[in-house]
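> Contents are mmCIF, C-alpha atoms and all ligand atoms; file name model_27.cif:
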data_structure
#
loop_
_atom_site.label_atom_id
_atom_site.label_comp_id
_atom_site.auth_asym_id
_atom_site.auth_seq_id
_atom_site.Cartn_x
_atom_site.Cartn_y
_atom_site.Cartn_z
CA MET A 637 -58.56 -32.61 -27.36
CA VAL A 638 -59.31 -28.90 -26.90
CA MET A 639 -62.63 -27.90 -25.33
CA SER A 640 -63.69 -24.30 -24.94
CA GLY A 641 -66.68 -22.16 -24.00
CA LYS A 642 -67.39 -18.48 -23.51
CA ALA A 643 -70.13 -16.91 -21.36
CA ARG A 644 -71.39 -13.55 -20.17
CA ALA A 645 -72.90 -12.90 -16.74
CA HIS A 646 -74.19 -9.67 -15.27
CA THR A 647 -73.29 -8.39 -11.83
CA ASN A 648 -75.96 -8.23 -9.20
CA ILE A 649 -76.53 -5.87 -6.32
CA ALA A 650 -77.95 -7.34 -3.13
CA ILE A 651 -80.96 -5.47 -1.84
CA ILE A 652 -81.14 -7.85 1.13
CA LYS A 653 -77.53 -8.70 1.93
CA TYR A 654 -75.54 -11.90 2.26
CA TRP A 655 -73.18 -11.28 5.18
CA GLY A 656 -71.49 -14.20 6.88
CA LYS A 657 -70.85 -17.85 6.07
CA ALA A 658 -72.04 -20.95 7.90
CA ASP A 659 -69.50 -23.00 5.92
CA ASP A 660 -66.36 -21.49 4.37
CA THR A 661 -65.43 -24.43 2.12
CA TYR A 662 -68.78 -24.87 0.43
CA ILE A 663 -69.78 -21.19 0.79
CA ILE A 664 -73.05 -21.81 2.61
CA PRO A 665 -74.38 -18.46 3.87
CA MET A 666 -75.83 -17.68 7.30
CA ASN A 667 -78.89 -16.09 5.70
CA ASN A 668 -80.97 -15.83 2.52
CA SER A 669 -80.35 -12.78 0.32
CA ILE A 670 -82.13 -11.00 -2.56
CA SER A 671 -80.55 -9.13 -5.48
CA VAL A 672 -81.25 -7.33 -8.74
CA ALA A 673 -79.14 -7.93 -11.87
CA LEU A 674 -77.51 -4.87 -13.45
CA ASP A 675 -77.67 -4.47 -17.22
CA ARG A 676 -74.68 -2.15 -17.36
CA PHE A 677 -72.04 -4.26 -15.58
CA TYR A 678 -70.95 -7.72 -16.63
CA THR A 679 -68.06 -10.14 -17.14
CA GLU A 680 -67.19 -12.14 -20.25
CA THR A 681 -65.07 -15.23 -19.71
CA GLU A 682 -63.63 -17.78 -22.12
CA VAL A 683 -62.25 -21.04 -20.81
CA THR A 684 -60.17 -23.57 -22.75
CA PHE A 685 -59.30 -27.04 -21.48
CA ASP A 686 -56.37 -28.75 -23.16
CA GLU A 687 -54.39 -31.89 -22.37
CA SER A 688 -51.15 -30.01 -23.04
CA TYR A 689 -51.64 -27.57 -20.10
CA ASP A 690 -49.77 -28.41 -16.90
CA LYS A 691 -51.52 -25.79 -14.71
CA ASP A 692 -54.45 -23.37 -14.73
CA THR A 693 -53.81 -19.84 -16.02
CA LEU A 694 -55.94 -16.70 -15.83
CA VAL A 695 -55.60 -13.54 -17.88
CA LEU A 696 -57.85 -10.86 -16.38
CA ASN A 697 -58.45 -7.68 -18.38
CA GLY A 698 -55.47 -8.52 -20.59
CA GLU A 699 -52.99 -9.14 -17.72
CA PRO A 700 -51.90 -12.46 -16.20
CA VAL A 701 -52.99 -12.45 -12.53
CA ASN A 702 -50.66 -12.80 -9.54
CA GLU A 703 -50.01 -16.06 -7.62
CA LYS A 704 -52.64 -15.33 -4.97
CA GLU A 705 -55.39 -14.79 -7.56
CA LEU A 706 -54.21 -17.84 -9.47
CA LYS A 707 -54.50 -20.01 -6.36
CA LYS A 708 -58.05 -18.76 -5.84
CA ILE A 709 -59.15 -19.53 -9.39
CA SER A 710 -57.37 -22.92 -9.30
CA ARG A 711 -59.31 -23.87 -6.18
CA PHE A 712 -62.49 -23.18 -8.12
CA MET A 713 -61.21 -25.13 -11.14
CA ASP A 714 -60.57 -28.07 -8.77
CA VAL A 715 -64.30 -27.97 -7.98
CA VAL A 716 -65.05 -27.98 -11.71
CA ARG A 717 -62.69 -30.94 -12.19
CA ASP A 718 -64.47 -32.69 -9.37
CA TYR A 719 -67.92 -31.98 -10.88
CA SER A 720 -66.86 -33.08 -14.35
CA GLN A 721 -64.77 -36.07 -13.29
CA GLN A 722 -61.98 -35.09 -15.69
CA PRO A 723 -58.44 -33.95 -14.85
CA LEU A 724 -57.74 -31.20 -17.44
CA TYR A 725 -56.21 -27.83 -16.61
CA ALA A 726 -57.64 -24.67 -18.13
CA HIS A 727 -56.60 -21.37 -19.64
CA ILE A 728 -59.08 -18.63 -18.72
CA GLU A 729 -59.40 -15.23 -20.39
CA SER A 730 -61.76 -12.87 -18.63
CA GLU A 731 -62.82 -9.30 -19.14
CA ASN A 732 -64.67 -7.30 -16.51
CA PHE A 733 -66.98 -4.62 -17.82
CA VAL A 734 -67.14 -3.50 -14.19
CA PRO A 735 -64.39 -2.15 -11.88
CA THR A 736 -62.62 -5.13 -10.22
CA ALA A 737 -62.92 -5.59 -6.42
CA ALA A 738 -64.42 -2.15 -5.78
CA GLY A 739 -67.71 -3.16 -4.18
CA LEU A 740 -69.44 -3.36 -7.55
CA ALA A 741 -69.76 -7.14 -7.42
CA SER A 742 -67.08 -8.17 -9.94
CA SER A 743 -66.71 -11.52 -8.17
CA ALA A 744 -70.41 -12.25 -8.74
CA SER A 745 -70.35 -11.81 -12.51
CA ALA A 746 -66.86 -13.36 -12.69
CA TYR A 747 -67.68 -16.72 -11.14
CA ALA A 748 -71.12 -16.98 -12.76
CA ALA A 749 -69.53 -16.41 -16.19
CA LEU A 750 -66.72 -18.87 -15.46
CA ALA A 751 -69.10 -21.56 -14.19
CA ALA A 752 -71.26 -21.16 -17.30
CA ALA A 753 -68.24 -21.20 -19.64
CA CYS A 754 -66.99 -24.44 -17.99
CA ASN A 755 -70.46 -25.97 -18.17
CA HIS A 756 -70.52 -25.26 -21.91
CA ALA A 757 -66.92 -26.25 -22.65
CA LEU A 758 -67.20 -29.59 -20.86
CA SER A 759 -70.82 -30.28 -21.94
CA LEU A 760 -71.83 -30.79 -18.32
CA ASN A 761 -75.47 -29.95 -19.08
CA LEU A 762 -76.01 -28.48 -15.63
CA SER A 763 -79.46 -27.07 -14.91
CA ASP A 764 -79.59 -23.38 -13.91
CA LYS A 765 -80.05 -24.51 -10.31
CA ASP A 766 -76.90 -26.64 -10.44
CA LEU A 767 -75.03 -23.89 -12.27
CA SER A 768 -75.97 -21.58 -9.42
CA ARG A 769 -74.59 -24.14 -6.93
CA LEU A 770 -71.34 -24.38 -8.91
CA ALA A 771 -70.95 -20.57 -9.22
CA ARG A 772 -71.55 -20.32 -5.45
CA ARG A 773 -68.35 -22.31 -4.84
CA GLY A 774 -66.34 -19.47 -6.44
CA SER A 775 -68.10 -16.58 -4.71
CA GLY A 776 -71.38 -16.67 -2.83
CA SER A 777 -72.98 -13.74 -4.62
CA ALA A 778 -72.14 -15.41 -7.98
CA SER A 779 -74.89 -17.95 -7.34
CA ARG A 780 -77.37 -15.09 -7.88
CA SER A 781 -75.74 -13.90 -11.15
CA VAL A 782 -76.91 -17.01 -13.00
CA PHE A 783 -80.35 -15.37 -13.23
CA GLY A 784 -81.72 -11.95 -14.26
CA GLY A 785 -84.21 -9.69 -12.50
CA PHE A 786 -85.00 -10.15 -8.81
CA VAL A 787 -83.21 -13.23 -7.46
CA GLU A 788 -83.25 -14.97 -4.09
CA TRP A 789 -80.39 -17.11 -2.81
CA GLU A 790 -81.78 -19.75 -0.48
CA LYS A 791 -79.19 -20.36 2.18
CA GLY A 792 -80.06 -24.05 2.47
CA HIS A 793 -77.92 -26.11 4.81
CA ASP A 794 -75.42 -27.88 2.54
CA ASP A 795 -74.00 -27.97 -0.99
CA LYS A 796 -77.16 -29.46 -2.49
CA THR A 797 -79.68 -27.16 -0.83
CA SER A 798 -77.94 -23.78 -1.18
CA PHE A 799 -78.81 -22.17 -4.56
CA SER A 800 -80.53 -19.21 -6.16
CA HIS A 801 -83.75 -18.83 -8.13
CA PRO A 802 -85.60 -15.94 -9.80
CA ILE A 803 -88.39 -14.20 -7.89
CA GLU A 804 -91.60 -13.79 -9.89
CA SER A 805 -92.10 -10.05 -10.35
CA ASP A 806 -94.45 -9.63 -13.31
CA ARG A 807 -91.66 -7.65 -15.03
CA TRP A 808 -91.71 -4.94 -12.36
CA GLU A 809 -87.93 -4.54 -12.78
CA ASP A 810 -88.57 -2.98 -16.21
CA GLU A 811 -89.95 0.06 -14.36
CA LEU A 812 -86.97 0.37 -12.01
CA SER A 813 -83.34 1.31 -12.39
CA MET A 814 -80.22 1.82 -10.34
CA ILE A 815 -78.04 4.87 -10.03
CA ILE A 816 -74.51 4.04 -8.94
CA VAL A 817 -72.55 6.80 -7.27
CA VAL A 818 -68.90 5.86 -7.75
CA ILE A 819 -67.02 7.16 -4.78
CA ASN A 820 -64.05 4.87 -5.11
CA ASP A 821 -63.40 2.48 -7.99
CA LYS A 822 -60.01 1.28 -6.74
CA ALA A 823 -59.63 -2.21 -5.26
CA LYS A 824 -60.69 -2.14 -1.63
CA SER A 825 -58.47 -2.98 1.33
CA VAL A 826 -60.91 -5.34 3.11
CA SER A 827 -62.45 -7.89 0.72
CA SER A 828 -66.06 -8.96 1.27
CA ARG A 829 -64.71 -12.40 2.13
CA SER A 830 -62.48 -11.26 4.97
CA GLY A 831 -64.87 -8.50 6.12
CA MET A 832 -67.80 -10.86 6.55
CA ALA A 833 -65.61 -13.48 8.27
CA LEU A 834 -64.28 -11.00 10.82
CA THR A 835 -67.77 -9.70 11.48
CA ARG A 836 -69.37 -13.11 11.87
CA GLU A 837 -66.59 -14.21 14.24
CA THR A 838 -66.22 -11.09 16.35
CA SER A 839 -69.04 -8.58 15.97
CA ARG A 840 -71.18 -7.89 19.00
CA PHE A 841 -73.94 -6.84 16.60
CA TYR A 842 -73.94 -9.96 14.42
CA GLN A 843 -76.72 -11.72 16.32
CA TYR A 844 -78.85 -8.60 15.88
CA TRP A 845 -78.32 -8.96 12.10
CA LEU A 846 -79.48 -12.59 12.20
CA ASP A 847 -82.47 -11.74 14.37
CA HIS A 848 -83.91 -9.43 11.67
CA ILE A 849 -83.00 -11.14 8.43
CA GLU A 850 -85.97 -13.46 7.99
CA ALA A 851 -88.43 -10.61 8.51
CA ASP A 852 -86.50 -8.49 5.97
CA ILE A 853 -86.61 -11.26 3.37
CA ALA A 854 -90.36 -11.75 3.86
CA GLU A 855 -91.00 -8.00 3.72
CA ALA A 856 -88.96 -7.57 0.51
CA LYS A 857 -90.71 -10.49 -1.20
CA ALA A 858 -94.14 -9.17 -0.21
CA ALA A 859 -93.20 -5.71 -1.55
CA ILE A 860 -92.00 -7.22 -4.87
CA SER A 861 -95.18 -9.24 -5.16
CA ASP A 862 -97.33 -6.10 -4.52
CA LYS A 863 -95.03 -3.84 -6.62
CA ASP A 864 -94.92 -1.58 -3.57
CA PHE A 865 -91.84 0.59 -4.12
CA GLN A 866 -91.89 2.43 -0.82
CA ARG A 867 -92.25 -0.77 1.17
CA LEU A 868 -89.36 -2.38 -0.75
CA GLY A 869 -87.19 0.72 -0.43
CA GLU A 870 -87.67 1.04 3.31
CA VAL A 871 -86.64 -2.54 3.98
CA ILE A 872 -83.61 -2.48 1.68
CA GLU A 873 -82.29 0.72 3.21
CA ALA A 874 -82.71 -0.62 6.74
CA ASN A 875 -81.15 -3.98 5.84
CA GLY A 876 -78.11 -2.41 4.15
CA LEU A 877 -77.43 -0.06 7.05
CA ARG A 878 -77.80 -2.92 9.51
CA MET A 879 -75.15 -4.89 7.60
CA HIS A 880 -72.77 -1.94 7.77
CA ALA A 881 -73.55 -1.53 11.47
CA THR A 882 -72.38 -5.08 12.19
CA ASN A 883 -68.92 -4.11 10.89
CA LEU A 884 -68.69 -1.36 13.50
CA GLY A 885 -69.11 -4.00 16.21
CA ALA A 886 -66.28 -6.21 14.90
CA GLN A 887 -62.92 -6.58 16.67
CA PRO A 888 -61.21 -4.51 15.35
CA PRO A 889 -64.12 -2.36 14.12
CA PHE A 890 -64.08 -1.32 10.46
CA THR A 891 -66.23 0.40 7.88
CA TYR A 892 -66.44 0.38 4.09
CA LEU A 893 -68.19 3.75 4.04
CA ALA A 894 -66.49 7.07 3.27
CA PRO A 895 -67.63 10.66 4.00
CA GLU A 896 -68.90 10.90 0.40
CA SER A 897 -71.06 7.80 0.97
CA TYR A 898 -72.89 9.71 3.72
CA GLN A 899 -73.23 12.72 1.41
CA ALA A 900 -74.90 10.50 -1.21
CA MET A 901 -77.20 8.97 1.44
CA ALA A 902 -78.25 12.45 2.58
CA ILE A 903 -79.08 13.40 -1.02
CA VAL A 904 -81.28 10.31 -1.31
CA HIS A 905 -83.17 11.35 1.82
CA HIS A 906 -83.48 14.89 0.46
CA CYS A 907 -84.88 13.55 -2.85
CA ARG A 908 -87.61 11.79 -0.90
CA THR A 909 -88.62 15.04 0.78
CA LEU A 910 -88.84 16.56 -2.73
CA GLY A 911 -91.27 13.80 -3.73
CA TYR A 912 -88.86 11.54 -5.67
CA PRO A 913 -88.95 8.12 -4.03
CA CYS A 914 -85.51 6.44 -4.07
CA TYR A 915 -83.56 4.26 -1.63
CA PHE A 916 -79.87 3.44 -1.15
CA THR A 917 -77.78 0.38 -0.44
CA MET A 918 -74.01 -0.13 -0.09
CA ASP A 919 -71.82 -3.24 -0.30
CA ALA A 920 -68.22 -3.98 0.63
CA GLY A 921 -67.05 -0.60 -0.63
CA ALA A 922 -67.88 3.10 -0.41
CA ASN A 923 -70.00 3.29 -3.55
CA VAL A 924 -73.69 4.02 -3.11
CA LYS A 925 -76.33 2.27 -5.21
CA ILE A 926 -79.71 3.92 -5.43
CA LEU A 927 -82.87 2.09 -6.46
CA VAL A 928 -85.31 4.42 -8.21
CA GLN A 929 -88.41 4.27 -10.36
CA LYS A 930 -87.42 5.20 -13.92
CA GLU A 931 -89.89 8.09 -13.97
CA HIS A 932 -87.91 9.79 -11.16
CA GLN A 933 -84.41 8.81 -12.29
CA GLN A 934 -83.56 12.11 -13.99
CA ALA A 935 -84.74 14.20 -11.03
CA VAL A 936 -82.54 12.19 -8.65
CA VAL A 937 -79.56 12.43 -11.02
CA SER A 938 -80.01 16.24 -11.11
CA GLU A 939 -79.84 16.38 -7.30
CA LEU A 940 -76.74 14.13 -7.21
CA ALA A 941 -75.07 16.24 -9.94
CA LYS A 942 -74.97 19.20 -7.52
CA THR A 943 -72.36 17.27 -5.49
CA PHE A 944 -70.88 14.55 -7.71
CA ASN A 945 -69.40 14.89 -11.20
CA ASP A 946 -70.77 13.21 -14.31
CA GLU A 947 -68.24 10.36 -14.29
CA GLN A 948 -69.28 9.45 -10.76
CA ILE A 949 -72.94 8.95 -11.64
CA ILE A 950 -73.68 5.76 -13.58
CA LEU A 951 -77.15 4.62 -14.58
CA SER A 952 -78.14 1.02 -15.09
CA ASP A 953 -81.34 -0.72 -16.00
CA ILE A 954 -82.15 -3.99 -14.29
CA THR A 955 -81.72 -6.80 -16.76
CA ARG A 956 -84.01 -9.80 -16.86
CA SER A 957 -81.48 -11.84 -18.80
CA GLY A 958 -79.35 -14.35 -16.95
CA ILE A 959 -76.25 -16.21 -18.15
CA GLU A 960 -75.61 -16.05 -21.89
CA ILE A 961 -73.35 -18.40 -23.87
CA ILE A 962 -71.43 -16.28 -26.36
CA GLY A 963 -68.92 -18.69 -27.85
P1 LIG B 1 -66.21 -7.05 -5.71
O1 LIG B 1 -66.88 -6.03 -4.89
O2 LIG B 1 -65.68 -6.47 -6.99
O3 LIG B 1 -67.02 -8.28 -5.95
P2 LIG B 1 -64.64 -8.87 -4.15
O4 LIG B 1 -63.46 -8.63 -3.25
O5 LIG B 1 -65.86 -9.50 -3.61
O6 LIG B 1 -64.96 -7.49 -4.84
O7 LIG B 1 -64.18 -9.73 -5.37
C1 LIG B 1 -63.10 -9.35 -6.17
C2 LIG B 1 -62.32 -10.59 -6.49
O8 LIG B 1 -63.05 -11.41 -7.40
C3 LIG B 1 -61.01 -10.31 -7.20
O9 LIG B 1 -60.00 -10.01 -6.28
C4 LIG B 1 -60.78 -11.62 -7.91
O10 LIG B 1 -60.28 -12.59 -7.01
C5 LIG B 1 -62.17 -12.05 -8.28
N1 LIG B 1 -62.48 -11.64 -9.65
C6 LIG B 1 -63.02 -10.48 -10.08
N2 LIG B 1 -63.19 -10.48 -11.40
C7 LIG B 1 -62.75 -11.67 -11.85
C8 LIG B 1 -62.73 -12.30 -13.12
N3 LIG B 1 -63.21 -11.69 -14.20
N4 LIG B 1 -62.26 -13.56 -13.21
C9 LIG B 1 -61.85 -14.21 -12.10
N5 LIG B 1 -61.85 -13.69 -10.86
C10 LIG B 1 -62.30 -12.43 -10.72
C1 LIG B 2 -71.71 -7.13 0.69
O1 LIG B 2 -70.08 -12.92 -2.65
O2 LIG B 2 -68.17 -11.29 -2.73
O3 LIG B 2 -71.81 -7.72 -1.61
O4 LIG B 2 -68.76 -15.48 -1.01
O5 LIG B 2 -66.70 -14.62 0.08
O6 LIG B 2 -66.93 -14.49 -2.40
P1 LIG B 2 -67.65 -14.48 -1.06
O7 LIG B 2 -68.28 -13.03 -0.90
P2 LIG B 2 -69.10 -12.12 -1.90
O8 LIG B 2 -69.85 -11.19 -0.85
C2 LIG B 2 -70.83 -10.27 -1.22
C3 LIG B 2 -71.18 -9.44 -0.03
C4 LIG B 2 -72.04 -8.23 -0.31
C5 LIG B 2 -73.51 -8.57 -0.12
C6 LIG B 2 -74.16 -9.41 -1.20
O9 LIG B 2 -73.77 -9.34 -2.37
O10 LIG B 2 -75.12 -10.11 -0.84
#
What do you get writing this file as structure tokens?


Amino acid sequence: MVMSGKARAHTNIAIIKYWGKADDTYIIPMNNSISVALDRFYTETEVTFDESYDKDTLVLNGEPVNEKELKKISRFMDVVRDYSQQPLYAHIESENFVPTAAGLASSASAYAALAAACNHALSLNLSDKDLSRLARRGSGSASRSVFGGFVEWEKGHDDKTSFSHPIESDRWEDELSMIIVVINDKAKSVSSRSGMALTRETSRFYQYWLDHIEADIAEAKAAISDKDFQRLGEVIEANGLRMHATNLGAQPPFTYLAPESYQAMAIVHHCRTLGYPCYFTMDAGANVKILVQKEHQQAVVSELAKTFNDEQIILSDITRSGIEIIG
């Protein structure tokens, strides 16, 4: 019997970061995180289970993946087999409408789409909460990509209690957008997975990160509830920089940021002095993501265009739609 399903999931950008795992096998994070879902970037994945397959296969953007990537996806499919109590292997075809492994959260949309496609193909009837738990097993940030808008991932303390949920925002995200300054869209040398592990294990600054995270989460949620853009922006900028600071305290120290990242950050600060409120955040890569109110988006783009070329400046709305089944 052949069973198949196809799903789309959007990437998300953390505005309060997930950085460090309490449990590597189940992907339980050290701290809660908050994200927004990007309309512009997404993954579409089709999965087919068939008795005749003798192993899992993955074709990503039209190319079969290498052994290392195959092992990673097979580990996730083992979790799916465990959830569904059936032994079938799968053929997976996935297309990223986002650069892969460049700090633009391809793993988030990838595993959310795959989890949803499996849920559909195998008629697992998982609730969104359980889908978020399943996606988490592939990549932590994927647990947030099950939902649209502002999303919080509750760290919990085990497989059952660690999942994401939408944050009530009275549609405030419709008034906001993100500008992505693409500084490097090539695959990065230090993955988020290995970067956060090294930092958690060795960074002298990691405890400092943990000491501030609960206050940052509370501040961000209060700002979302009050639709207070400045208050939200100030906490996301501080939180993102603090995450990057922990990497400088690791043994050996490392950074994802490039000289052009600092140029983009300086332009953001300059825009604020011009009266255009906007705030930056960066992930496991050099690209800079800028949260802005739509009314000021064009003014900020004009300032960025003095330094960066058109192809480097990408605009995205924040989508309120979560996982979609498309086949
Ligand atoms: P990013 O910043 O893009 O999320 P990560 O290093 O966190 O970078 O994740 C990239 C990894 O996610 C890839 O190396 C691959 O293992 C996995 N990945 C990305 N896209 C897909 C996809 N569509 N299907 C399956 N796995 C994917
Ligand atoms: C900096 O979710 O890619 O983007 O759970 O190991 O797959 P794994 O890591 P991943 O890490 C994302 C880290 C981040 C911050 C964030 O998205 O919260």

> Report the distance between CA of Leu868 in chain A and CA of Leu812 in chain A in Å, rounded to one decimal place.

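For CA of Leu868 in chain A relative to CA of Leu812 in chain A, the distance reads 11.8 Å.
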
> If we count only C-alpha atoms, what is near Ala751 in chain A at a cut-off of 10 Å, once residues fewer than 4 positions away on the same chain are taken out, given as a list in words?

Lys642, Ala643, Ala645, Thr681, Val683, Phe712, Met713, Val716, Ser745, Ala746, Tyr747, Asn755, His756, Ala757, Leu762, Leu767, Ser768, Arg769, Leu770, Ala771, Arg772, Arg773, Gly774, Ala778, Ser779, Val782 and Ile959 of chain A

> Please list as a list of chain:residue names every residue within 12 Å of Lys942 in chain A, counting only C-alpha atoms and excluding residues in the same chain fewer than 5 positions away.

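Skipping anything fewer than 5 positions along the chain leaves A:Gln899, A:Ala900, A:Ile903, A:Ala935, A:Val936, A:Val937, A:Gln948, A:Ile949.
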
> What are the closest atom pairs, with distances in Å to one decimal, for each residue of chain A lying within 8 Å of ligand LIG 1 (chain B), using all atoms listed in the file, rows by chain and rising residue number, as CSV?


residue,atom,partner,partner_atom,distance
A:Thr679,CA,B:LIG1,N3,5.9
A:Glu680,CA,B:LIG1,N3,7.3
A:Thr681,CA,B:LIG1,N3,6.8
A:Leu694,CA,B:LIG1,C9,7.4
A:Leu696,CA,B:LIG1,N3,5.8
A:Asn697,CA,B:LIG1,N3,7.5
A:Glu705,CA,B:LIG1,O10,5.4
A:Lys708,CA,B:LIG1,O10,6.7
A:Ile709,CA,B:LIG1,C9,6.6
A:Glu729,CA,B:LIG1,N4,7.9
A:Ser730,CA,B:LIG1,N3,4.8
A:Glu731,CA,B:LIG1,N3,5.5
A:Asn732,CA,B:LIG1,N3,5.2
A:Val734,CA,B:LIG1,O2,7.9
A:Pro735,CA,B:LIG1,O2,6.7
A:Thr736,CA,B:LIG1,O2,4.6
A:Ala737,CA,B:LIG1,O2,3.0
A:Ala738,CA,B:LIG1,O2,4.7
A:Gly739,CA,B:LIG1,O1,3.1
A:Leu740,CA,B:LIG1,O1,4.6
A:Ala741,CA,B:LIG1,O3,3.3
A:Ser742,CA,B:LIG1,O2,3.7
A:Ser743,CA,B:LIG1,O8,3.7
A:Ala744,CA,B:LIG1,O3,5.9
A:Ser745,CA,B:LIG1,N3,7.3
A:Ala746,CA,B:LIG1,C8,4.3
A:Tyr747,CA,B:LIG1,C9,6.4
A:Leu750,CA,B:LIG1,N4,7.3
A:Ser775,CA,B:LIG1,O5,7.5
A:Ala823,CA,B:LIG1,O6,7.5
A:Lys824,CA,B:LIG1,O4,7.2
A:Val826,CA,B:LIG1,O4,7.6
A:Ser827,CA,B:LIG1,O4,4.2
A:Ser828,CA,B:LIG1,O5,4.9
A:Arg829,CA,B:LIG1,O5,6.5
A:Asp919,CA,B:LIG1,O1,7.3
A:Ala920,CA,B:LIG1,O1,6.0
A:Gly921,CA,B:LIG1,O1,6.9

> Record the distance separating CA of Val928 in chain A and atom P2 of ligand LIG 2 (chain B), expressed in Å with one decimal.

24.0 Å

> Could you check which of A:Asn820, A:Thr647, A:Ser710, A:Gln721 is closest to ligand LIG 2 (chain B), using all atoms listed in the file?

A:Thr647

> At a cut-off of 9 Å, using all atoms listed in the file, what residues contact Trp808 in chain A? Leave out same-chain residues fewer than 2 positions from it and give the result as a ChimeraX atom specification.

/A:785,805-806,810-812,860,863
